[in-house]
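Colleague: Here you go, this is input.txt (compact mmCIF, C-alpha atoms and all ligand atoms).
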# COMPACT_ATOMS: atom_id res chain seq x y z
CA MET Y 7 10.08 23.94 -33.88
CA ALA Y 8 7.48 24.67 -31.22
CA PRO Y 9 4.76 22.30 -32.59
CA LEU Y 10 7.38 19.54 -33.03
CA ALA Y 11 8.60 20.04 -29.48
CA GLY Y 12 4.97 19.94 -28.35
CA ALA Y 13 4.36 16.69 -30.25
CA GLY Y 14 7.51 15.25 -28.69
CA ALA Y 15 6.25 16.15 -25.26
CA VAL Y 16 2.88 14.52 -25.98
CA LEU Y 17 4.61 11.34 -27.22
CA ALA Y 18 6.91 11.30 -24.18
CA GLY Y 19 3.88 11.78 -21.94
CA ALA Y 20 2.04 8.90 -23.64
CA ALA Y 21 5.10 6.67 -23.25
CA ALA Y 22 5.32 7.53 -19.56
CA VAL Y 23 1.63 6.74 -19.06
CA ALA Y 24 2.09 3.40 -20.89
CA LEU Y 25 5.07 2.52 -18.67
CA LEU Y 26 3.15 3.40 -15.56
CA SER Y 27 0.15 1.34 -16.67
CA ALA Y 28 2.49 -1.59 -17.30
CA ALA Y 29 3.87 -1.14 -13.80
CA LEU Y 30 0.39 -1.21 -12.30
CA VAL Y 31 -0.49 -4.34 -14.23
CA LEU Y 32 2.67 -5.97 -12.93
CA TYR Y 33 1.73 -5.13 -9.34
CA GLU Y 34 -1.19 -7.54 -9.83
CA LEU Y 35 1.18 -10.47 -10.57
CA PRO Y 36 1.41 -13.15 -7.91
CA LEU Y 37 4.25 -12.47 -5.50
CA ASP Y 38 6.23 -15.55 -6.49
CA ALA Y 39 6.12 -14.67 -10.16
CA VAL Y 40 7.47 -11.21 -9.51
CA LEU Y 41 10.15 -12.48 -7.14
CA GLN Y 42 11.43 -14.80 -9.82
CA ARG Y 43 12.22 -11.82 -12.02
CA ALA Y 44 15.93 -11.05 -11.93
CA PHE Y 45 16.98 -8.45 -9.39
CA SER Y 46 20.19 -6.91 -10.55
CA LEU Y 47 22.45 -5.06 -8.15
CA HIS Y 48 24.78 -3.53 -10.68
CA THR Y 49 22.96 -2.52 -13.84
CA ALA Y 50 21.12 0.68 -14.73
CA HIS Y 51 17.88 1.04 -12.79
CA SER Y 52 14.47 2.37 -13.73
CA ILE Y 53 10.75 2.07 -12.99
CA LYS Y 54 11.20 -1.68 -13.62
CA ASP Y 55 13.29 -1.88 -10.46
CA MET Y 56 10.39 -0.52 -8.46
CA GLU Y 57 8.26 -3.37 -9.73
CA ASN Y 58 10.89 -5.81 -8.56
CA THR Y 59 11.51 -4.05 -5.30
CA LEU Y 60 7.97 -3.63 -3.93
CA PRO Y 61 7.49 -7.39 -3.44
CA LEU Y 62 10.75 -7.43 -1.48
CA VAL Y 63 9.33 -4.70 0.74
CA ARG Y 64 6.46 -7.09 1.53
CA ASN Y 65 9.09 -9.61 2.62
CA ILE Y 66 10.45 -7.38 5.40
CA ILE Y 67 7.09 -6.77 7.08
CA PRO Y 68 7.05 -8.74 10.33
CA PRO Y 69 4.21 -11.25 10.67
CA GLN Y 70 1.48 -10.44 13.17
CA THR Y 71 1.23 -13.26 15.71
CA SER Y 72 -0.21 -13.73 19.19
CA LYS Y 73 3.26 -14.50 20.59
CA LYS Y 74 4.71 -11.01 20.44
CA HIS Y 75 5.20 -8.56 23.27
CA LYS Y 76 4.71 -4.80 23.24
CA GLY Y 77 7.61 -3.06 21.58
CA GLN Y 78 8.77 -5.96 19.43
CA ASP Y 79 7.46 -4.44 16.19
CA GLY Y 80 9.28 -1.19 16.80
CA ARG Y 81 10.16 1.44 19.36
CA ILE Y 82 10.91 4.59 17.39
CA GLY Y 83 12.29 7.93 18.61
CA VAL Y 84 11.73 11.27 16.86
CA VAL Y 85 14.17 14.05 17.72
CA GLY Y 86 12.52 17.37 16.92
CA GLY Y 87 9.86 19.82 17.99
CA CYS Y 88 10.46 23.37 19.16
CA GLN Y 89 8.46 26.53 19.79
CA GLU Y 90 7.69 27.15 16.09
CA TYR Y 91 7.23 23.59 14.87
CA THR Y 92 5.12 21.11 16.77
CA GLY Y 93 3.26 19.58 13.83
CA ALA Y 94 6.28 18.04 12.10
CA PRO Y 95 7.45 15.76 14.96
CA TYR Y 96 3.83 14.80 15.63
CA PHE Y 97 3.33 13.80 11.97
CA ALA Y 98 6.52 11.72 11.99
CA ALA Y 99 5.84 10.01 15.32
CA ILE Y 100 2.17 9.21 14.69
CA SER Y 101 3.01 7.89 11.21
CA ALA Y 102 5.51 5.47 12.77
CA LEU Y 103 2.72 4.12 14.98
CA LYS Y 104 0.22 3.94 12.13
CA VAL Y 105 2.67 1.97 9.98
CA GLY Y 106 2.97 -0.57 12.77
CA ALA Y 107 5.52 0.46 15.40
CA ASP Y 108 4.41 -0.32 18.95
CA LEU Y 109 5.83 2.73 20.72
CA SER Y 110 6.70 6.18 19.45
CA HIS Y 111 8.74 8.69 21.45
CA VAL Y 112 9.28 12.38 20.75
CA PHE Y 113 12.31 14.20 22.19
CA CYS Y 114 11.52 17.91 21.93
CA THR Y 115 11.98 21.22 23.76
CA ARG Y 116 10.24 21.92 27.06
CA GLU Y 117 7.80 24.40 25.47
CA ALA Y 118 6.84 22.11 22.60
CA ALA Y 119 6.12 19.05 24.76
CA PRO Y 120 2.64 19.88 26.15
CA VAL Y 121 1.52 20.96 22.70
CA ILE Y 122 2.66 17.70 21.06
CA LYS Y 123 1.19 15.63 23.91
CA SER Y 124 -2.14 17.37 23.41
CA TYR Y 125 -2.30 16.23 19.77
CA SER Y 126 -2.22 12.57 20.73
CA PRO Y 127 -2.28 10.47 23.88
CA GLU Y 128 -0.49 7.77 21.92
CA LEU Y 129 2.87 9.52 21.84
CA ILE Y 130 5.45 9.45 24.63
CA VAL Y 131 6.86 12.94 24.84
CA HIS Y 132 10.14 13.92 26.54
CA PRO Y 133 10.68 17.68 27.14
CA VAL Y 134 14.48 17.41 27.17
CA LEU Y 135 15.98 18.76 23.97
CA ASP Y 136 16.83 22.25 25.28
CA SER Y 137 17.94 21.13 28.73
CA PRO Y 138 21.65 21.17 29.68
CA GLY Y 139 21.57 17.38 30.08
CA ALA Y 140 19.81 16.73 26.76
CA VAL Y 141 22.37 14.30 25.34
CA HIS Y 142 22.49 12.28 28.56
CA ASP Y 143 18.68 12.27 28.87
CA VAL Y 144 18.19 10.93 25.35
CA GLU Y 145 21.14 8.55 25.69
CA GLU Y 146 19.34 6.85 28.58
CA TRP Y 147 16.53 5.95 26.21
CA LEU Y 148 18.68 4.80 23.30
CA PRO Y 149 19.05 1.17 24.44
CA ARG Y 150 15.26 0.91 24.28
CA LEU Y 151 14.92 2.37 20.77
CA HIS Y 152 15.18 0.56 17.43
CA ALA Y 153 15.54 3.65 15.23
CA LEU Y 154 15.79 7.43 15.48
CA VAL Y 155 14.21 10.00 13.16
CA VAL Y 156 16.19 13.20 13.53
CA GLY Y 157 15.09 16.64 12.40
CA PRO Y 158 11.33 17.13 11.82
CA GLY Y 159 10.44 20.47 13.42
CA LEU Y 160 13.83 20.75 15.10
CA GLY Y 161 14.50 24.36 14.08
CA ARG Y 162 17.99 25.79 13.75
CA ASP Y 163 18.81 27.11 17.19
CA GLY Y 164 22.53 26.64 17.88
CA THR Y 165 22.10 25.04 21.31
CA LEU Y 166 19.54 22.55 20.04
CA LEU Y 167 21.73 21.62 17.08
CA LYS Y 168 24.71 21.08 19.39
CA ASN Y 169 22.61 18.74 21.53
CA VAL Y 170 21.41 16.87 18.47
CA LYS Y 171 25.02 16.48 17.34
CA GLY Y 172 25.74 14.71 20.63
CA ILE Y 173 22.61 12.56 20.29
CA LEU Y 174 23.62 11.52 16.78
CA GLU Y 175 27.10 10.57 17.98
CA ALA Y 176 25.58 8.51 20.80
CA ALA Y 177 23.18 6.78 18.37
CA LYS Y 178 26.05 5.92 16.03
CA ALA Y 179 28.12 4.54 18.91
CA ARG Y 180 25.23 2.17 19.64
CA ASP Y 181 24.76 1.27 15.98
CA ILE Y 182 21.16 2.56 16.00
CA PRO Y 183 19.69 3.27 12.55
CA VAL Y 184 18.93 6.95 11.91
CA VAL Y 185 16.69 8.72 9.43
CA ILE Y 186 17.73 12.34 9.01
CA ASP Y 187 15.26 14.87 7.65
CA ALA Y 188 14.47 18.60 7.62
CA ASP Y 189 16.64 20.61 10.07
CA GLY Y 190 18.62 17.47 10.83
CA LEU Y 191 19.85 17.84 7.24
CA TRP Y 192 20.75 21.47 7.96
CA LEU Y 193 23.01 20.13 10.72
CA ILE Y 194 24.53 17.54 8.36
CA ALA Y 195 25.22 20.28 5.78
CA GLN Y 196 27.23 22.11 8.49
CA HIS Y 197 28.98 18.92 9.67
CA PRO Y 198 28.95 16.20 6.98
CA ALA Y 199 31.55 14.24 8.98
CA LEU Y 200 28.80 13.52 11.52
CA ILE Y 201 27.26 10.98 9.18
CA GLN Y 202 30.18 10.16 6.88
CA GLY Y 203 30.36 6.41 6.24
CA TYR Y 204 27.56 5.51 8.68
CA ARG Y 205 25.79 2.74 6.76
CA LYS Y 206 22.75 2.77 9.02
CA ALA Y 207 21.77 6.32 8.06
CA VAL Y 208 19.18 7.44 5.52
CA LEU Y 209 18.93 11.10 4.50
CA THR Y 210 15.57 12.30 3.11
CA PRO Y 211 16.14 15.74 1.56
CA ASN Y 212 13.56 17.73 -0.39
CA HIS Y 213 14.70 19.72 -3.43
CA VAL Y 214 16.18 22.62 -1.44
CA GLU Y 215 17.74 20.41 1.23
CA PHE Y 216 19.35 18.25 -1.46
CA ASN Y 217 20.97 21.24 -3.15
CA ARG Y 218 22.20 22.51 0.22
CA LEU Y 219 23.80 19.14 0.97
CA SER Y 220 25.34 18.89 -2.50
CA GLU Y 221 26.87 22.34 -2.09
CA ALA Y 222 28.25 21.42 1.31
CA VAL Y 223 29.58 17.97 0.42
CA LEU Y 224 30.42 18.16 -3.30
CA ARG Y 225 30.74 21.94 -3.74
CA GLU Y 226 28.11 21.79 -6.48
CA PRO Y 227 24.37 22.57 -6.49
CA GLY Y 228 23.03 19.08 -7.27
CA ASN Y 229 24.34 19.12 -10.83
CA GLY Y 230 23.75 16.48 -13.49
CA SER Y 231 20.75 14.22 -13.93
CA ASP Y 232 18.72 13.54 -10.79
CA ARG Y 233 19.87 9.95 -10.65
CA GLU Y 234 23.56 10.69 -11.08
CA ALA Y 235 23.47 13.61 -8.61
CA VAL Y 236 21.85 11.45 -5.92
CA ARG Y 237 24.30 8.60 -6.47
CA ARG Y 238 27.24 11.01 -6.28
CA LEU Y 239 26.06 12.56 -3.02
CA SER Y 240 25.54 9.14 -1.47
CA GLN Y 241 28.98 8.01 -2.59
CA ALA Y 242 30.65 11.16 -1.31
CA LEU Y 243 29.05 10.56 2.09
CA GLY Y 244 30.50 7.05 2.19
CA ASN Y 245 27.42 5.23 0.83
CA VAL Y 246 24.93 6.71 3.23
CA THR Y 247 21.49 6.09 1.68
CA VAL Y 248 19.99 9.25 0.14
CA VAL Y 249 16.32 9.71 -0.76
CA ARG Y 250 15.71 12.82 -2.83
CA LYS Y 251 11.99 13.61 -2.67
CA GLY Y 252 10.25 15.24 -5.60
CA GLU Y 253 8.00 14.65 -8.59
CA ARG Y 254 9.74 11.29 -8.62
CA ASP Y 255 11.70 10.20 -5.59
CA VAL Y 256 15.26 9.18 -6.41
CA LEU Y 257 16.99 6.79 -4.01
CA SER Y 258 20.60 5.64 -3.88
CA ASP Y 259 23.11 3.89 -1.68
CA GLY Y 260 25.95 5.06 -3.91
CA GLU Y 261 25.75 1.88 -6.01
CA GLN Y 262 22.14 1.26 -6.94
CA VAL Y 263 19.83 4.08 -7.99
CA LEU Y 264 16.08 3.50 -7.77
CA GLU Y 265 13.14 5.73 -8.60
CA CYS Y 266 9.75 5.81 -6.98
CA ALA Y 267 7.05 7.04 -9.32
CA GLN Y 268 4.09 5.63 -7.39
CA GLU Y 269 1.09 7.81 -8.19
CA GLY Y 270 0.71 10.52 -5.52
CA SER Y 271 -1.17 13.76 -5.93
CA SER Y 272 -0.66 17.34 -7.00
CA ARG Y 273 -1.31 18.57 -3.46
CA ARG Y 274 1.88 19.97 -1.90
CA CYS Y 275 0.79 20.81 1.66
CA GLY Y 276 3.44 20.81 4.41
CA GLY Y 277 4.05 17.70 6.49
CA GLN Y 278 4.11 15.01 3.79
CA GLY Y 279 7.86 14.64 4.17
CA ASP Y 280 7.42 14.25 7.93
CA LEU Y 281 5.01 11.37 7.34
CA LEU Y 282 7.63 9.78 5.08
CA SER Y 283 10.41 10.11 7.65
CA GLY Y 284 8.34 8.52 10.44
CA ALA Y 285 7.24 5.64 8.22
CA LEU Y 286 10.85 5.14 7.15
CA GLY Y 287 12.01 4.91 10.77
CA VAL Y 288 9.87 1.79 11.26
CA LEU Y 289 10.65 0.25 7.89
CA VAL Y 290 14.40 0.65 8.39
CA HIS Y 291 14.12 -1.28 11.64
CA TRP Y 292 12.05 -4.01 9.99
CA ALA Y 293 14.39 -4.25 6.99
CA LEU Y 294 17.50 -4.65 9.16
CA LEU Y 295 15.72 -7.21 11.31
CA ALA Y 296 14.53 -9.23 8.31
CA GLY Y 297 18.01 -10.41 7.34
CA PRO Y 298 19.57 -11.15 3.94
CA GLU Y 299 17.38 -14.13 3.03
CA LYS Y 300 14.33 -11.83 3.07
CA THR Y 301 15.99 -8.91 1.28
CA ASN Y 302 17.41 -11.05 -1.51
CA GLY Y 303 20.76 -9.26 -1.59
CA CYS Y 304 19.20 -5.81 -1.89
CA SER Y 305 20.28 -3.07 0.54
CA PRO Y 306 17.83 -3.21 3.47
CA LEU Y 307 17.89 0.56 3.80
CA LEU Y 308 17.04 1.05 0.14
CA LEU Y 309 14.17 -1.41 0.46
CA ALA Y 310 12.87 0.45 3.49
CA ALA Y 311 13.11 3.71 1.57
CA VAL Y 312 11.20 2.29 -1.40
CA GLY Y 313 8.51 1.21 1.05
CA ALA Y 314 8.25 4.60 2.74
CA CYS Y 315 8.25 6.55 -0.53
CA SER Y 316 5.58 4.34 -2.12
CA LEU Y 317 3.45 4.45 1.01
CA THR Y 318 3.60 8.24 1.37
CA ARG Y 319 2.63 8.79 -2.25
CA GLN Y 320 -0.19 6.22 -2.05
CA CYS Y 321 -1.51 8.00 1.08
CA SER Y 322 -1.39 11.27 -0.81
CA HIS Y 323 -3.23 9.71 -3.75
CA GLN Y 324 -5.99 8.21 -1.60
CA ALA Y 325 -6.44 11.33 0.55
CA PHE Y 326 -6.60 13.54 -2.55
CA GLN Y 327 -9.31 11.37 -4.07
CA LYS Y 328 -11.46 12.10 -1.01
CA HIS Y 329 -10.52 15.67 -0.14
CA GLY Y 330 -9.07 17.24 -3.29
CA ARG Y 331 -7.64 20.71 -2.78
CA SER Y 332 -8.41 20.67 0.94
CA THR Y 333 -6.22 17.58 1.56
CA THR Y 334 -3.86 18.02 4.50
CA THR Y 335 -1.26 15.73 6.06
CA THR Y 336 -3.78 14.68 8.72
CA ASP Y 337 -5.98 13.30 5.90
CA MET Y 338 -2.96 11.39 4.58
CA ILE Y 339 -2.24 9.89 7.99
CA ALA Y 340 -5.80 8.56 8.07
CA GLU Y 341 -4.93 6.68 4.86
CA VAL Y 342 -1.75 5.00 6.18
CA GLY Y 343 -3.56 1.78 7.17
CA PRO Y 344 -5.58 1.31 3.96
CA ALA Y 345 -2.64 2.39 1.76
CA PHE Y 346 -0.29 -0.02 3.53
CA ARG Y 347 -2.73 -2.92 3.06
CA ARG Y 348 -3.23 -2.07 -0.58
CA LEU Y 349 0.47 -1.83 -1.38
CA PHE Y 350 1.96 -4.53 0.80
CA GLU Y 351 -0.71 -6.90 2.08
CA ALA Y 352 -3.27 -7.26 -0.71
N1 LIG J 401 3.39 21.67 10.68
C1 LIG J 401 4.69 21.74 10.93
O1 LIG J 401 5.13 21.88 12.07
C2 LIG J 401 5.65 21.61 9.79
C3 LIG J 401 6.96 21.95 10.04
N2 LIG J 401 7.93 21.79 9.11
C4 LIG J 401 9.28 22.08 9.57
O2 LIG J 401 9.68 23.33 9.10
C5 LIG J 401 11.09 23.41 9.19
C6 LIG J 401 11.64 24.01 7.90
O3 LIG J 401 11.40 23.09 6.81
P1 LIG J 401 11.35 23.55 5.28
O4 LIG J 401 11.02 22.37 4.45
O5 LIG J 401 10.46 24.74 5.17
O6 LIG J 401 12.86 23.88 4.99
P2 LIG J 401 13.59 25.26 4.64
O7 LIG J 401 13.37 26.21 5.74
O8 LIG J 401 14.97 24.92 4.26
O9 LIG J 401 12.82 25.86 3.41
C7 LIG J 401 12.81 25.25 2.22
C8 LIG J 401 12.08 26.19 1.31
O10 LIG J 401 12.14 25.61 0.06
C9 LIG J 401 10.88 25.57 -0.51
N3 LIG J 401 10.78 24.34 -1.30
C10 LIG J 401 10.49 23.09 -0.85
N4 LIG J 401 10.50 22.22 -1.86
C11 LIG J 401 10.80 22.94 -2.97
C12 LIG J 401 10.95 22.60 -4.34
N5 LIG J 401 10.77 21.36 -4.77
N6 LIG J 401 11.28 23.59 -5.20
C13 LIG J 401 11.45 24.86 -4.77
N7 LIG J 401 11.32 25.24 -3.49
C14 LIG J 401 10.99 24.28 -2.61
C15 LIG J 401 9.88 25.57 0.62
O11 LIG J 401 8.68 26.19 0.24
C16 LIG J 401 10.61 26.35 1.69
O12 LIG J 401 10.28 27.71 1.62
C17 LIG J 401 11.58 21.98 9.46
O13 LIG J 401 11.84 21.82 10.83
C18 LIG J 401 10.38 21.17 9.09
O14 LIG J 401 10.35 19.92 9.72
C19 LIG J 401 7.66 21.16 7.82
O15 LIG J 401 7.97 19.81 8.00
C20 LIG J 401 6.22 21.35 7.38
C21 LIG J 401 5.21 21.09 8.47
N1 LIG J 402 6.01 17.31 -7.59
C1 LIG J 402 5.62 16.26 -6.88
N2 LIG J 402 4.74 15.36 -7.38
C2 LIG J 402 4.33 14.29 -6.67
N3 LIG J 402 4.77 14.03 -5.43
C3 LIG J 402 5.66 14.87 -4.88
C4 LIG J 402 6.15 16.02 -5.57
N4 LIG J 402 7.01 16.67 -4.77
C5 LIG J 402 7.08 15.96 -3.63
N5 LIG J 402 6.27 14.87 -3.70
C6 LIG J 402 6.06 13.85 -2.67
O1 LIG J 402 5.66 14.51 -1.46
C7 LIG J 402 6.25 13.89 -0.34
C8 LIG J 402 7.01 14.94 0.46
O2 LIG J 402 8.00 15.52 -0.35
P1 LIG J 402 8.39 17.05 -0.18
O3 LIG J 402 9.40 17.40 -1.20
O4 LIG J 402 7.15 17.88 -0.08
O5 LIG J 402 9.07 16.96 1.26
P2 LIG J 402 9.26 18.10 2.34
O6 LIG J 402 9.43 19.43 1.69
O7 LIG J 402 10.34 17.63 3.23
O8 LIG J 402 7.87 18.03 3.15
P3 LIG J 402 7.53 18.67 4.56
O9 LIG J 402 6.53 19.73 4.31
O10 LIG J 402 6.99 17.56 5.39
O11 LIG J 402 8.81 19.20 5.15
C9 LIG J 402 7.14 12.79 -0.88
O12 LIG J 402 6.46 11.57 -0.76
C10 LIG J 402 7.33 13.13 -2.35
O13 LIG J 402 7.41 11.95 -3.14
MG MG J 403 10.67 18.38 5.20
Is it possible to express this structure as structure tokens?
Modeller:
Amino acid sequence: MAPLAGAGAVLAGAAAVALLSAALVLYELPLDAVLQRAFSLHTAHSIKDMENTLPLVRNIIPPQTSKKHKGQDGRIGVVGGCQEYTGAPYFAAISALKVGADLSHVFCTREAAPVIKSYSPELIVHPVLDSPGAVHDVEEWLPRLHALVVGPGLGRDGTLLKNVKGILEAAKARDIPVVIDADGLWLIAQHPALIQGYRKAVLTPNHVEFNRLSEAVLREPGNGSDREAVRRLSQALGNVTVVRKGERDVLSDGEQVLECAQEGSSRRCGGQGDLLSGALGVLVHWALLAGPEKTNGCSPLLLAAVGACSLTRQCSHQAFQKHGRSTTTTDMIAEVGPAFRRLFEA
């Protein structure tokens, strides 16, 4: 049995490599040719859908012209950053800028603020998250923000989570798109109603966060195939978009299920998910702005998620080629520009 099983694994591996090669060849097709391929909203979805979806991601990228003013290509807010975690909100906020947002704000605790500021003069840092008026302070900024990324480096302190609950409610009341990651997902696992049915939310759980959410929402530990489990969680949350990160990223809005198998790397250093969440904040804004004629009937949030997943993995791939085992998230952030051009502008 063992040799047969081994041979099966080799054959399956070869088939996967062949599929991936075919996908890469297809990426070289002219944009129009790929766009003409049918894009089905209702059938089973596979790697093929990625091939069809990436060109649509190109469609949502705003053109660079001399007529724009500062802020037009994105003002993104990251809610997170506490005594223990200052890297995560920095990674998310700087990634938003590197993808193409014009302004990136971080709303963090008083102690974390000078640390995060010292990493980069490009970030606008508000030391408000642990103040008694936190919700009001952030609310004042909401009209000037296009999207919020909630959770990187937030921690699990009860007072902070209560404030973030209020901030999320205020963001929803203003119809602001939200990406929820890391400890923001911990909060959602405690209070799923916070996000229930909010179609402008994307959740980006890792393996452990996904199981925690599934337990909380469906009373099951992410059972079934990856694809089915992700679709079920999204459906149970009222079609909130869910991106389950992993060896392959699985994305669903409760109807469609897509997979991102863009080549990444075998390096699993911390912070890669934070990069993804920051990039997604910008792409969600762009996708919603682009309108239905650009998104060809596909969910704008799913398109944005495909973009962010592909980009993060491509950054990982490029950084790993240069730095191998010593690759860190900072090396990946240096690859955001070249990876973006390669995937979406070549
Ligand atoms: N430099 C920084 O400041 C960083 C801070 N981070 C923050 O750290 C806080 C906790 O995040 P965690 O992700 O550790 O969440 P958890 O505290 O829920 O821990 C998850 C645990 O699961 C493990 N795990 C992750 N993926 C797994 C997989 N596929 N299979 C099995 N085990 C897996 C991790 O090693 C971790 O120990 C968050 O606020 C997060 O944003 C991280 O983003 C990493 C970088
Ligand atoms: N086994 C894997 N093989 C290839 N890529 C992976 C693998 N696991 C995760 N990734 C990729 O790494 C990125 C981050 O996913 P990960 O599961 O590490 O998130 P995370 O735990 O939230 O990260 P962070 O440390 O920022 O909190 C995603 O782009 C994902 O596609
Ligand atoms: Mg994470």
Colleague: For the point (11.3, 7.8, 9.8) in the file's frame, write as a list of chain:residue names all residues with an atom no more than 7 Å away, counting only C-alpha atoms.
Modeller: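 Those within range, by chain then number, are Y:Ala98, Y:Ala102, Y:Val155, Y:Val185, Y:Leu282, Y:Ser283, Y:Gly284, Y:Ala285, Y:Leu286, Y:Gly287, Y:Val288.
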Colleague: Using all atoms listed in the file, which of Y:Trp292, Y:Trp147, Y:Phe346, Y:Phe97 sits nearest ligand MG 403 (chain J)?
Modeller: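 When distances to ligand MG 403 (chain J) are compared using all atoms listed in the file, the smallest one comes from Y:Phe97.
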Colleague: Check the smallest atom-to-atom distance from each of Y:Gln70, Y:Thr334, Y:Ser316, Y:Ser271 to ligand LIG 401 (chain J) using all atoms listed in the file, then report the winner.
Modeller: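 Smallest distance to ligand LIG 401 (chain J) is found for Y:Thr334.
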Colleague: Hey, can you check how far CA of Glu234 (chain Y) sits from CA of Glu265 (chain Y)?
Modeller: 11.8 Å
Colleague: Within 6 Å of ligand LIG 401 (chain J), which residues show up when you count all atoms listed in the file? List them as a list in words, please.
Modeller: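 For ligand LIG 401 (chain J), the residues inside 6 Å are Tyr91, Thr92, Gly93, Ala94, Pro158, Gly159, Leu160, Gly161, Ala188, Asp189, Asn212, His213, Val214, Gly276, Gly277 and Asp280 of chain Y.
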